[in-house]
file final.txt (compact mmCIF, C-alpha atoms)
# COMPACT_ATOMS: atom_id res chain seq x y z
CA MET A 1 25.80 -16.71 42.01
CA THR A 2 24.69 -13.58 40.12
CA SER A 3 23.90 -10.37 41.99
CA HIS A 4 20.20 -10.80 41.15
CA HIS A 5 20.05 -14.32 42.61
CA ALA A 6 22.15 -13.28 45.60
CA SER A 7 19.72 -10.47 46.33
CA ARG A 8 16.75 -12.80 46.16
CA HIS A 9 18.49 -15.29 48.46
CA PHE A 10 19.29 -12.57 51.00
CA VAL A 11 15.68 -11.36 50.98
CA ARG A 12 14.46 -14.92 51.64
CA ILE A 13 16.72 -15.04 54.69
CA LEU A 14 15.32 -11.75 55.99
CA VAL A 15 11.74 -12.91 55.46
CA ALA A 16 12.45 -16.15 57.32
CA LEU A 17 13.94 -14.13 60.18
CA ALA A 18 10.87 -11.89 60.28
CA VAL A 19 8.53 -14.90 60.49
CA ALA A 20 10.65 -16.36 63.27
CA LEU A 21 10.28 -13.13 65.21
CA LEU A 22 6.53 -13.20 64.72
CA VAL A 23 6.04 -16.64 66.20
CA SER A 24 8.27 -15.85 69.16
CA PRO A 25 6.57 -14.70 72.38
CA ALA A 26 6.67 -10.97 73.09
CA ARG A 27 9.32 -9.85 75.56
CA ALA A 28 7.90 -8.47 78.79
CA ASP A 29 9.48 -5.61 80.68
CA GLU A 30 9.84 -6.46 84.39
CA THR A 31 8.18 -3.28 85.65
CA THR A 32 6.25 -1.41 82.98
CA GLY A 33 4.74 -3.88 80.52
CA THR A 34 5.27 -5.46 77.15
CA TRP A 35 7.47 -4.75 74.17
CA THR A 36 5.60 -4.48 70.88
CA GLY A 37 6.59 -4.16 67.27
CA GLU A 38 5.88 -5.09 63.69
CA VAL A 39 7.56 -6.55 60.65
CA GLY A 40 6.68 -5.96 57.03
CA VAL A 41 7.77 -7.14 53.62
CA GLN A 42 6.98 -5.45 50.33
CA GLY A 43 7.71 -6.08 46.68
CA ASN A 44 7.95 -3.18 44.23
CA TYR A 45 7.96 -3.42 40.44
CA TYR A 46 8.57 -0.57 37.99
CA TRP A 47 8.44 -0.72 34.21
CA GLU A 48 8.89 1.80 31.43
CA THR A 49 10.18 1.59 27.89
CA SER A 50 13.89 1.09 28.59
CA THR A 51 13.99 0.22 32.28
CA ARG A 52 12.75 -2.50 34.66
CA VAL A 53 13.17 -2.33 38.43
CA VAL A 54 12.38 -5.13 40.91
CA ALA A 55 12.78 -3.94 44.51
CA PRO A 56 11.91 -6.14 47.50
CA GLU A 57 12.21 -4.60 50.98
CA VAL A 58 11.91 -5.66 54.61
CA ARG A 59 10.96 -3.39 57.54
CA PHE A 60 11.21 -4.00 61.28
CA ARG A 61 10.13 -1.90 64.25
CA LEU A 62 10.40 -2.61 67.98
CA THR A 63 8.81 -0.35 70.62
CA SER A 64 9.63 -0.41 74.33
CA PRO A 65 7.02 0.14 77.07
CA ASP A 66 8.30 3.68 77.70
CA GLY A 67 7.59 4.72 74.08
CA THR A 68 11.08 4.41 72.57
CA ASP A 69 11.23 2.59 69.27
CA VAL A 70 13.95 1.40 66.94
CA ARG A 71 13.42 0.86 63.23
CA ALA A 72 15.35 -0.83 60.44
CA GLU A 73 14.71 -1.22 56.74
CA TYR A 74 16.57 -3.05 54.02
CA LEU A 75 15.82 -2.59 50.33
CA VAL A 76 17.52 -4.10 47.32
CA ASP A 77 16.54 -3.15 43.80
CA SER A 78 17.61 -4.89 40.64
CA ILE A 79 17.62 -2.44 37.74
CA THR A 80 17.63 -3.74 34.17
CA SER A 81 18.15 -1.03 31.55
CA ALA A 82 19.45 -0.26 28.09
CA SER A 83 19.47 3.49 28.54
CA LEU A 84 22.38 5.69 27.47
CA ALA A 85 21.72 7.70 30.63
CA ALA A 86 22.85 4.67 32.64
CA GLY A 87 26.21 4.25 30.92
CA VAL A 88 25.39 1.88 28.05
CA VAL A 89 27.59 2.34 24.98
CA GLU A 90 26.21 -0.61 23.01
CA ASP A 91 22.70 -1.88 22.25
CA ILE A 92 22.66 -4.21 25.27
CA ARG A 93 20.70 -4.62 28.45
CA PHE A 94 22.49 -4.77 31.77
CA THR A 95 21.37 -5.48 35.34
CA GLU A 96 22.64 -3.48 38.28
CA THR A 97 21.88 -4.01 41.97
CA ARG A 98 21.45 -1.31 44.59
CA HIS A 99 21.41 -1.98 48.34
CA GLN A 100 19.90 0.47 50.82
CA VAL A 101 19.81 0.26 54.62
CA THR A 102 17.94 2.68 56.89
CA VAL A 103 18.00 2.62 60.70
CA GLY A 104 16.31 4.99 63.10
CA THR A 105 15.02 5.56 66.59
CA GLY A 106 12.39 7.76 68.19
CA HIS A 107 10.78 8.61 71.52
CA GLU A 108 7.63 10.41 72.58
CA PHE A 109 7.79 12.75 75.59
CA ASP A 110 4.66 13.48 77.61
CA LEU A 111 4.40 17.24 78.24
CA GLY A 112 1.10 17.13 80.09
CA GLU A 113 -1.49 18.48 77.66
CA ALA A 114 0.89 18.01 74.74
CA GLN A 115 3.19 15.30 73.42
CA LEU A 116 6.52 15.74 71.67
CA ARG A 117 8.00 12.99 69.52
CA LEU A 118 11.64 13.18 68.41
CA ASP A 119 13.11 10.94 65.71
CA ALA A 120 16.54 10.38 64.20
CA SER A 121 17.47 8.13 61.29
CA THR A 122 20.34 7.49 58.92
CA ARG A 123 20.39 5.94 55.45
CA ILE A 124 23.09 4.49 53.24
CA SER A 125 22.59 3.37 49.65
CA HIS A 126 25.22 1.72 47.47
CA GLU A 127 25.43 0.72 43.83
CA PRO A 128 28.45 0.23 41.54
CA ASP A 129 28.58 3.89 40.51
CA TYR A 130 26.91 5.68 43.44
CA LEU A 131 27.20 5.91 47.22
CA ALA A 132 24.49 7.94 48.97
CA THR A 133 24.31 8.74 52.67
CA GLY A 134 21.81 10.79 54.62
CA VAL A 135 20.83 11.77 58.17
CA THR A 136 17.36 12.99 59.24
CA LEU A 137 16.26 14.65 62.49
CA ALA A 138 12.50 15.12 62.98
CA GLY A 139 10.06 16.27 65.61
CA THR A 140 6.26 16.23 65.94
CA LEU A 141 4.29 18.23 68.52
CA SER A 142 0.77 16.98 69.32
CA LEU A 143 -1.74 19.45 70.75
CA ALA A 144 -5.44 19.52 71.71
CA GLN A 145 -5.67 15.79 72.45
CA ARG A 146 -3.75 15.01 69.27
CA CYS A 147 -6.17 16.95 67.07
CA THR A 148 -3.32 19.25 65.97
CA LEU A 149 0.04 17.93 64.77
CA ILE A 150 2.94 20.25 63.99
CA GLY A 151 5.99 18.64 62.40
CA MET A 152 9.49 19.64 61.36
CA ALA A 153 12.24 17.57 59.76
CA LEU A 154 15.82 18.36 58.69
CA THR A 155 17.80 16.09 56.35
CA TYR A 156 21.40 16.26 55.18
CA ILE A 157 22.67 14.14 52.27
CA HIS A 158 26.15 13.46 50.90
CA ASP A 159 26.48 11.42 47.70
CA ASP A 160 29.60 10.26 45.90
CA VAL A 161 28.93 10.01 42.14
CA GLY A 162 30.92 7.58 40.03
CA SER A 163 30.91 6.35 36.44
CA VAL A 164 30.84 2.76 35.17
CA VAL A 165 30.60 2.36 31.40
CA ARG A 166 28.79 -0.79 30.27
CA GLY A 167 29.53 -2.48 26.99
CA THR A 168 33.32 -1.97 27.17
CA GLN A 169 36.03 -4.56 27.73
CA PRO A 170 36.02 -4.83 31.53
CA ARG A 171 39.73 -5.54 31.96
CA GLU A 172 42.95 -5.20 30.06
CA GLY A 173 45.98 -7.50 30.26
CA GLY A 174 47.31 -5.88 33.43
CA GLY A 175 43.99 -6.43 35.24
CA ARG A 176 42.89 -2.78 35.40
CA ASP A 177 39.12 -2.35 35.29
CA LEU A 178 38.45 -0.28 32.16
CA SER A 179 34.70 0.02 32.75
CA ASN A 180 35.01 1.79 36.11
CA ARG A 181 35.93 5.44 35.50
CA GLY A 182 36.02 6.20 39.22
CA ARG A 183 34.56 9.09 41.15
CA VAL A 184 33.40 12.04 39.04
CA GLY A 185 31.87 14.32 41.67
CA GLN A 186 29.87 14.69 44.83
CA LEU A 187 26.38 15.94 45.59
CA GLU A 188 25.32 17.47 48.90
CA GLY A 189 22.09 18.93 50.16
CA PHE A 190 19.80 19.99 52.99
CA THR A 191 16.04 19.53 53.20
CA LEU A 192 13.82 21.38 55.66
CA GLY A 193 10.24 20.16 55.98
CA LEU A 194 7.39 21.82 57.88
CA SER A 195 3.92 20.32 58.26
CA LEU A 196 0.58 20.95 59.97
CA SER A 197 -2.28 18.48 60.33
CA GLN A 198 -5.62 19.49 61.87
CA ILE A 199 -8.73 17.46 62.69
CA LEU A 200 -11.54 19.89 61.86
CA THR A 201 -14.47 17.57 62.63
CA PRO A 202 -14.70 13.84 63.40
CA GLN A 203 -15.06 13.28 59.64
CA LEU A 204 -12.85 16.05 58.19
CA VAL A 205 -9.06 16.40 58.33
CA ALA A 206 -6.79 18.93 56.60
CA SER A 207 -3.00 18.90 56.33
CA PHE A 208 -0.48 21.27 54.78
CA GLY A 209 3.26 21.32 54.33
CA TYR A 210 6.28 23.10 52.91
CA ASP A 211 9.62 21.61 51.84
CA LEU A 212 12.78 23.61 51.15
CA VAL A 213 15.60 21.73 49.41
CA TYR A 214 19.05 23.12 48.69
CA ASN A 215 21.49 21.00 46.66
CA TRP A 216 24.99 21.82 45.52
CA GLY A 217 27.80 20.00 43.76
CA TYR A 218 27.52 17.47 40.92
CA LEU A 219 23.92 17.82 39.67
CA GLN A 220 24.19 16.30 36.19
CA ASN A 221 24.26 12.72 34.92
CA PRO A 222 27.82 11.51 34.12
CA TYR A 223 26.52 9.30 31.30
CA ARG A 224 24.48 11.79 29.32
CA GLY A 225 25.97 13.83 26.50
CA VAL A 226 24.67 16.46 24.11
CA SER A 227 25.65 16.66 20.44
CA ILE A 228 26.57 20.28 19.71
CA GLU A 229 27.78 21.25 16.24
CA GLY A 230 28.78 17.66 15.58
CA VAL A 231 30.68 17.22 18.86
CA VAL A 232 29.31 15.29 21.85
CA ARG A 233 29.71 17.38 24.97
CA PRO A 234 29.10 16.02 28.48
CA GLU A 235 25.93 17.22 30.11
CA GLU A 236 26.52 20.19 32.41
CA HIS A 237 24.03 21.64 34.88
CA PRO A 238 24.35 24.55 37.33
CA ASP A 239 26.10 23.49 40.54
CA GLU A 240 23.36 24.82 42.84
CA ARG A 241 19.62 24.21 43.00
CA LEU A 242 17.08 25.68 45.42
CA ARG A 243 13.67 23.97 45.45
CA HIS A 244 10.35 24.91 47.08
CA SER A 245 7.30 22.67 47.47
CA LEU A 246 3.90 23.54 48.94
CA TYR A 247 1.36 20.76 49.40
CA GLY A 248 -1.97 20.13 51.03
CA ARG A 249 -4.59 17.45 51.58
CA VAL A 250 -8.25 17.50 52.63
CA ALA A 251 -9.84 14.19 53.66
CA LEU A 252 -13.57 13.67 54.23
CA TYR A 253 -15.12 10.46 55.60
CA VAL A 254 -18.80 9.62 55.01
CA PRO A 255 -19.90 7.14 57.74
CA GLU A 256 -23.18 6.24 56.03
CA THR A 257 -21.41 4.72 53.02
CA ARG A 258 -18.02 4.07 54.69
CA THR A 259 -16.40 6.10 51.93
CA ALA A 260 -13.51 8.60 52.16
CA PHE A 261 -12.68 11.32 49.64
CA HIS A 262 -9.20 12.84 49.50
CA ALA A 263 -8.17 15.91 47.50
CA LEU A 264 -4.42 16.60 47.22
CA TYR A 265 -2.43 19.37 45.59
CA ARG A 266 1.28 20.13 45.28
CA PHE A 267 2.99 23.19 43.81
CA TYR A 268 6.71 23.12 43.04
CA VAL A 269 9.18 25.77 41.86
CA ASP A 270 12.97 25.92 41.83
CA GLY A 271 15.91 28.16 40.97
CA TRP A 272 16.21 26.63 37.51
CA ASP A 273 12.86 28.22 36.53
CA LEU A 274 11.16 24.83 36.59
CA ALA A 275 7.62 24.91 38.03
CA ALA A 276 5.10 22.09 38.41
CA VAL A 277 1.58 21.44 39.68
CA THR A 278 0.24 18.07 40.83
CA PRO A 279 -3.48 17.79 41.67
CA GLU A 280 -4.73 14.37 42.77
CA ALA A 281 -8.06 12.81 43.78
CA ARG A 282 -8.54 9.59 45.76
CA VAL A 283 -11.58 7.60 46.80
CA TYR A 284 -11.43 4.97 49.55
CA GLN A 285 -14.22 2.42 50.07
CA GLU A 286 -14.52 0.01 52.97
CA ILE A 287 -16.08 -3.34 52.06
CA GLY A 288 -17.14 -5.20 55.18
CA ASP A 289 -14.68 -5.14 58.07
CA LEU A 290 -11.70 -6.59 56.22
CA ILE A 291 -11.28 -4.93 52.81
CA THR A 292 -10.50 -1.35 51.82
CA LEU A 293 -10.28 -0.33 48.16
CA ARG A 294 -8.72 2.86 46.80
CA LEU A 295 -8.90 4.46 43.37
CA ARG A 296 -6.86 7.50 42.42
CA TYR A 297 -6.14 9.87 39.55
CA ARG A 298 -3.16 12.25 39.42
CA PHE A 299 -2.25 14.91 36.88
CA TYR A 300 1.24 16.38 36.59
CA SER A 301 2.41 19.31 34.49
CA GLN A 302 5.71 21.18 34.52
CA THR A 303 7.53 23.95 32.68
CA ARG A 304 11.05 23.54 31.35
CA SER A 305 14.25 24.69 33.04
CA PHE A 306 15.87 27.89 31.80
CA PHE A 307 18.72 26.05 30.09
CA TYR A 308 16.75 23.28 28.38
CA ARG A 309 16.45 23.40 24.60
CA ALA A 310 16.59 21.02 21.68
CA PRO A 311 20.14 19.68 21.06
CA ASP A 312 20.40 21.42 17.68
CA GLN A 313 19.72 24.78 19.35
CA TYR A 314 22.74 24.68 21.67
CA THR A 315 25.97 26.42 20.73
CA ALA A 316 29.52 25.87 21.93
CA ASP A 317 29.24 29.05 24.03
CA ASP A 318 26.32 27.83 26.16
CA PRO A 319 27.52 27.36 29.77
CA PHE A 320 24.85 24.75 30.58
CA VAL A 321 23.63 21.92 28.35
CA THR A 322 21.34 19.00 29.13
CA ASN A 323 19.82 15.92 27.58
CA ASP A 324 17.65 15.18 30.62
CA PRO A 325 13.95 14.64 29.78
CA LYS A 326 13.06 15.82 33.29
CA MET A 327 14.28 19.31 32.36
CA GLN A 328 11.78 19.75 29.52
CA ASP A 329 8.16 20.83 29.75
CA PHE A 330 5.83 17.82 29.84
CA SER A 331 2.69 16.48 31.46
CA SER A 332 1.50 13.09 32.68
CA HIS A 333 -1.62 11.30 33.86
CA LEU A 334 -1.68 8.48 36.41
CA VAL A 335 -4.52 6.16 37.41
CA GLY A 336 -4.22 3.54 40.10
CA ALA A 337 -6.04 0.96 42.20
CA HIS A 338 -5.13 -0.32 45.66
CA ALA A 339 -6.62 -3.07 47.87
CA ARG A 340 -5.89 -3.64 51.55
CA VAL A 341 -7.08 -6.78 53.36
CA ALA A 342 -7.04 -7.27 57.13
CA MET A 343 -6.09 -10.81 58.16
CA GLU A 344 -8.49 -11.29 61.08
CA PHE A 345 -9.75 -14.46 59.41
CA LEU A 346 -6.48 -16.15 60.45
CA GLU A 347 -7.22 -15.87 64.17
CA ARG A 348 -8.30 -19.50 64.71
CA THR A 349 -5.81 -21.08 62.32
CA PHE A 350 -2.19 -22.17 62.64
CA LEU A 351 -1.29 -18.69 61.30
CA GLY A 352 -3.16 -17.02 64.15
CA PHE A 353 -0.04 -15.08 65.18
CA ALA A 354 -0.60 -12.91 62.09
CA HIS A 355 -4.32 -12.22 62.55
CA GLU A 356 -3.74 -8.54 63.43
CA GLY A 357 -1.78 -7.97 60.23
CA GLU A 358 -2.76 -6.93 56.72
CA VAL A 359 -1.79 -7.46 53.11
CA TRP A 360 -2.09 -4.99 50.24
CA PHE A 361 -1.78 -4.86 46.47
CA SER A 362 -1.62 -1.87 44.15
CA VAL A 363 -1.13 -1.11 40.46
CA ASP A 364 -0.57 2.34 38.94
CA TYR A 365 -0.36 3.16 35.23
CA TRP A 366 0.72 6.48 33.82
CA TRP A 367 1.21 7.99 30.40
CA GLN A 368 3.30 11.06 29.76
CA SER A 369 4.47 13.32 26.97
CA SER A 370 8.22 13.05 27.72
CA ARG A 371 10.42 10.54 25.94
CA PHE A 372 10.47 8.29 29.00
CA GLY A 373 7.17 6.93 27.70
CA ASN A 374 4.38 5.23 29.60
CA GLY A 375 5.00 3.14 32.69
CA VAL A 376 3.63 0.79 35.34
CA ILE A 377 4.22 0.56 39.10
CA ALA A 378 3.02 -2.52 40.99
CA GLN A 379 3.35 -3.25 44.71
CA ALA A 380 2.41 -6.05 47.09
CA GLY A 381 3.10 -6.12 50.81
CA LEU A 382 2.50 -7.74 54.17
CA ARG A 383 2.58 -6.13 57.63
CA VAL A 384 2.20 -8.03 60.89
CA PRO A 385 2.37 -6.54 64.41
CA PHE A 386 3.57 -8.56 67.37

call {"tool": "encode", "arguments": {"input": "final.txt", "output": "structure tokens"}}
result
Amino acid sequence: MTSHHASRHFVRILVALAVALLVSPARADETTGTWTGEVGVQGNYYWETSTRVVAPEVRFRLTSPDGTDVRAEYLVDSITSASLAAGVVEDIRFTETRHQVTVGTGHEFDLGEAQLRLDASTRISHEPDYLATGVTLAGTLSLAQRCTLIGMALTYIHDDVGSVVRGTQPREGGGRDLSNRGRVGQLEGFTLGLSLSQILTPQLVASFGYDLVYNWGYLQNPYRGVSIEGVVRPEEHPDERLRHSLYGRVALYVPETRTAFHALYRFYVDGWDLAAVTPEARVYQEIGDLITLRLRYRFYSQTRSFFYRAPDQYTADDPFVTNDPKMQDFSSHLVGAHARVAMEFLERTFLGFAHEGEVWFSVDYWWQSSRFGNGVIAQAGLRVPF
């Protein structure tokens, strides 16, 4: 069985398990009430010129009567690519599978006129040439009858970076794997996130946030090289990167038309002299009691990093060289549509257990000036509480 078919088979098992949980009766606590929860499945599809990604995922959450919840998520993506940046040395396509598992727990404490929610989660992601691990601690303080939310999150990551060269003879006579070049470096980092959300009126909400990211270690791609004076030199980036992001959102709901307007903006700058702005506009429209539609447009523009230049402009004395399109100056436009449908119409059918759930579909298309080319993202999902 290929890795792609194995992944699909495993996802079918998880979906069957989720449905079995849904049709089971809720567990009742002997003294304080009923356990609740939800399960969700989602399919993600990504396409651009040289890469295809199919990524199904399953989510599960269970909440106890005292407000403690546990969460789990499993995602598997099947990546098909012919990109040199992914280790291809011949004009071939290859398929690689990545598995990611996330588990977490949280609890809300009642502080009288305020509420404090604390969360902890851990994530592990594995593919043939990469092992990524991360831990997140987060807290949210609710004030003024939950009209004000103040949040903080701290994440630590540790990634082991490897190299697997596709298109080579995988094994020699003695059985040694020639395609696997082993571990080439490690990447570590901390992220600090601060956020504030405020209900200004019953129809107007504003939120703001700041993210600080510090990475150190192996920050280049082991597969990319740069031709300098006729010699291909491995890509080399600085071994530290400090990133800052400021973002905000204003959301206005118009009851007369059941329409919501969202304006979003993000500003980014880092220690590599790369800066970017991302304004976005969204419009949500309720249609009846079951359907919500969303349209959005997003613009993105960035400057180049201080060490990016055309390959023929590098010299052998340059300490840093790159062939990464994300290091150049470029811009992109994205348009998208999203539909969400509540499943209340199932209440009096044999699928009545799912009548409080919802399904959604979305498609985004973007075009950009970098050599990645244009792309498509499509998603479909199902969420059912129990």

call {"tool": "residues_near_point", "arguments": {"input": "final.txt", "point": "(-17.6, 11.0, 56.0)", "cutoff": "12 Å", "atoms": "all atoms listed in the file", "output": "CSV table (one decimal) with C-alpha atoms, in the coordinates of the input"}}
result
chain,number,residue,atom,x,y,z
A,201,THR,CA,-14.5,17.6,62.6
A,202,PRO,CA,-14.7,13.8,63.4
A,203,GLN,CA,-15.1,13.3,59.6
A,204,LEU,CA,-12.8,16.0,58.2
A,205,VAL,CA,-9.1,16.4,58.3
A,250,VAL,CA,-8.2,17.5,52.6
A,251,ALA,CA,-9.8,14.2,53.7
A,252,LEU,CA,-13.6,13.7,54.2
A,253,TYR,CA,-15.1,10.5,55.6
A,254,VAL,CA,-18.8,9.6,55.0
A,255,PRO,CA,-19.9,7.1,57.7
A,256,GLU,CA,-23.2,6.2,56.0
A,257,THR,CA,-21.4,4.7,53.0
A,258,ARG,CA,-18.0,4.1,54.7
A,259,THR,CA,-16.4,6.1,51.9
A,260,ALA,CA,-13.5,8.6,52.2
A,261,PHE,CA,-12.7,11.3,49.6
A,262,HIS,CA,-9.2,12.8,49.5
A,283,VAL,CA,-11.6,7.6,46.8
A,284,TYR,CA,-11.4,5.0,49.6
A,285,GLN,CA,-14.2,2.4,50.1
A,286,GLU,CA,-14.5,0.0,53.0

call {"tool": "residues_around", "arguments": {"input": "final.txt", "residues": "Tyr46 (chain A)", "least_positions_apart": "2", "cutoff": "8 Å", "atoms": "all atoms listed in the file", "output": "PyMOL selection string"}}
result
chain A and resi 44+48+51-54+375-378

call {"tool": "closest_residue", "arguments": {"input": "final.txt", "among": "A:Thr34, A:Thr102, A:Ser331, A:Gln145", "to": "Arg71 (chain A)", "atoms": "all atoms listed in the file"}}
result
A:Thr102

call {"tool": "atom_distance", "arguments": {"input": "final.txt", "atom1": "CA of Asp364 (chain A)", "atom2": "CA of Ala380 (chain A)"}}
result
12.1 Å

call {"tool": "atom_distance", "arguments": {"input": "final.txt", "atom1": "CA of Thr303 (chain A)", "atom2": "CA of Tyr365 (chain A)"}}
result
22.4 Å

call {"tool": "residues_around", "arguments": {"input": "final.txt", "residues": "Thr136 (chain A)", "least_positions_apart": "4", "cutoff": "10 Å", "atoms": "all atoms listed in the file", "output": "number ranges by chain"}}
result
A: 104, 119-123, 153-157, 190-192

call {"tool": "closest_residue", "arguments": {"input": "final.txt", "among": "A:Gly189, A:Leu194, A:Ile228, A:Val103", "to": "Ala138 (chain A)", "atoms": "all atoms listed in the file"}}
result
A:Leu194

call {"tool": "closest_residue", "arguments": {"input": "final.txt", "among": "A:Gln42, A:Thr133, A:Thr105, A:Ser227", "to": "Gln313 (chain A)", "atoms": "all atoms listed in the file"}}
result
A:Ser227

call {"tool": "axis_aligned_box", "arguments": {"input": "final.txt", "around": "region 305-319 of chain A", "padding_each_side": "5 Å", "output": "lines of an AutoDock Vina configuration file"}}
result
center_x = 21.9
center_y = 24.4
center_z = 25.4
size_x = 25.3
size_y = 19.4
size_z = 25.4

call {"tool": "residues_near_point", "arguments": {"input": "final.txt", "point": "(11.5, 26.1, 37.5)", "cutoff": "12 Å", "atoms": "all atoms listed in the file", "output": "PDB file with C-alpha atoms, keeping the file's coordinate frame"}}
result
ATOM      1  CA  ARG A 241      19.620  24.210  43.000  1.00  0.00           C
ATOM      2  CA  LEU A 242      17.080  25.680  45.420  1.00  0.00           C
ATOM      3  CA  ARG A 243      13.670  23.970  45.450  1.00  0.00           C
ATOM      4  CA  HIS A 244      10.350  24.910  47.080  1.00  0.00           C
ATOM      5  CA  SER A 245       7.300  22.670  47.470  1.00  0.00           C
ATOM      6  CA  PHE A 267       2.990  23.190  43.810  1.00  0.00           C
ATOM      7  CA  TYR A 268       6.710  23.120  43.040  1.00  0.00           C
ATOM      8  CA  VAL A 269       9.180  25.770  41.860  1.00  0.00           C
ATOM      9  CA  ASP A 270      12.970  25.920  41.830  1.00  0.00           C
ATOM     10  CA  GLY A 271      15.910  28.160  40.970  1.00  0.00           C
ATOM     11  CA  TRP A 272      16.210  26.630  37.510  1.00  0.00           C
ATOM     12  CA  ASP A 273      12.860  28.220  36.530  1.00  0.00           C
ATOM     13  CA  LEU A 274      11.160  24.830  36.590  1.00  0.00           C
ATOM     14  CA  ALA A 275       7.620  24.910  38.030  1.00  0.00           C
ATOM     15  CA  ALA A 276       5.100  22.090  38.410  1.00  0.00           C
ATOM     16  CA  VAL A 277       1.580  21.440  39.680  1.00  0.00           C
ATOM     17  CA  SER A 301       2.410  19.310  34.490  1.00  0.00           C
ATOM     18  CA  GLN A 302       5.710  21.180  34.520  1.00  0.00           C
ATOM     19  CA  THR A 303       7.530  23.950  32.680  1.00  0.00           C
ATOM     20  CA  ARG A 304      11.050  23.540  31.350  1.00  0.00           C
ATOM     21  CA  SER A 305      14.250  24.690  33.040  1.00  0.00           C
ATOM     22  CA  PHE A 306      15.870  27.890  31.800  1.00  0.00           C
ATOM     23  CA  PHE A 307      18.720  26.050  30.090  1.00  0.00           C
ATOM     24  CA  TYR A 308      16.750  23.280  28.380  1.00  0.00           C
ATOM     25  CA  LYS A 326      13.060  15.820  33.290  1.00  0.00           C
ATOM     26  CA  MET A 327      14.280  19.310  32.360  1.00  0.00           C
ATOM     27  CA  GLN A 328      11.780  19.750  29.520  1.00  0.00           C
ATOM     28  CA  ASP A 329       8.160  20.830  29.750  1.00  0.00           C
TER      29      ASP A 329
END

call {"tool": "closest_residue", "arguments": {"input": "final.txt", "among": "A:Gln368, A:Ser197, A:Asn323, A:Ser64", "to": "Gly106 (chain A)", "atoms": "only C-alpha atoms"}}
result
A:Ser64

call {"tool": "residues_around", "arguments": {"input": "final.txt", "residues": "Val359 (chain A)", "least_positions_apart": "3", "cutoff": "12 Å", "atoms": "only C-alpha atoms", "output": "number ranges by chain"}}
result
A: 40-43, 290-292, 338-344, 354-356, 362, 379-384

call {"tool": "atom_distance", "arguments": {"input": "final.txt", "atom1": "CA of Glu108 (chain A)", "atom2": "CA of Glu358 (chain A)"}}
result
25.7 Å

call {"tool": "residues_around", "arguments": {"input": "final.txt", "residues": "Trp216 (chain A)", "least_positions_apart": "6", "cutoff": "6 Å", "atoms": "all atoms listed in the file", "output": "mmCIF file with C-alpha atoms, keeping the file's coordinate frame"}}
result
data_model
loop_
_atom_site.group_PDB
_atom_site.id
_atom_site.type_symbol
_atom_site.label_atom_id
_atom_site.label_comp_id
_atom_site.auth_asym_id
_atom_site.auth_seq_id
_atom_site.Cartn_x
_atom_site.Cartn_y
_atom_site.Cartn_z
ATOM 1 C CA GLU A 188 25.320 17.470 48.900
ATOM 2 C CA ASP A 239 26.100 23.490 40.540
ATOM 3 C CA GLU A 240 23.360 24.820 42.840
#

call {"tool": "closest_residue", "arguments": {"input": "final.txt", "among": "A:Arg183, A:Leu295, A:Asp159, A:Gly225", "to": "Val135 (chain A)", "atoms": "all atoms listed in the file"}}
result
A:Asp159

call {"tool": "residues_around", "arguments": {"input": "final.txt", "residues": "Gly185 (chain A)", "least_positions_apart": "5", "cutoff": "8 Å", "atoms": "only C-alpha atoms", "output": "list of chain:residue names"}}
result
A:Asp160, A:Val161, A:Gly162, A:Gly217, A:Tyr218

call {"tool": "closest_residue", "arguments": {"input": "final.txt", "among": "A:Gly373, A:Val58, A:Phe345, A:Val226", "to": "Asp312 (chain A)", "atoms": "only C-alpha atoms"}}
result
A:Val226
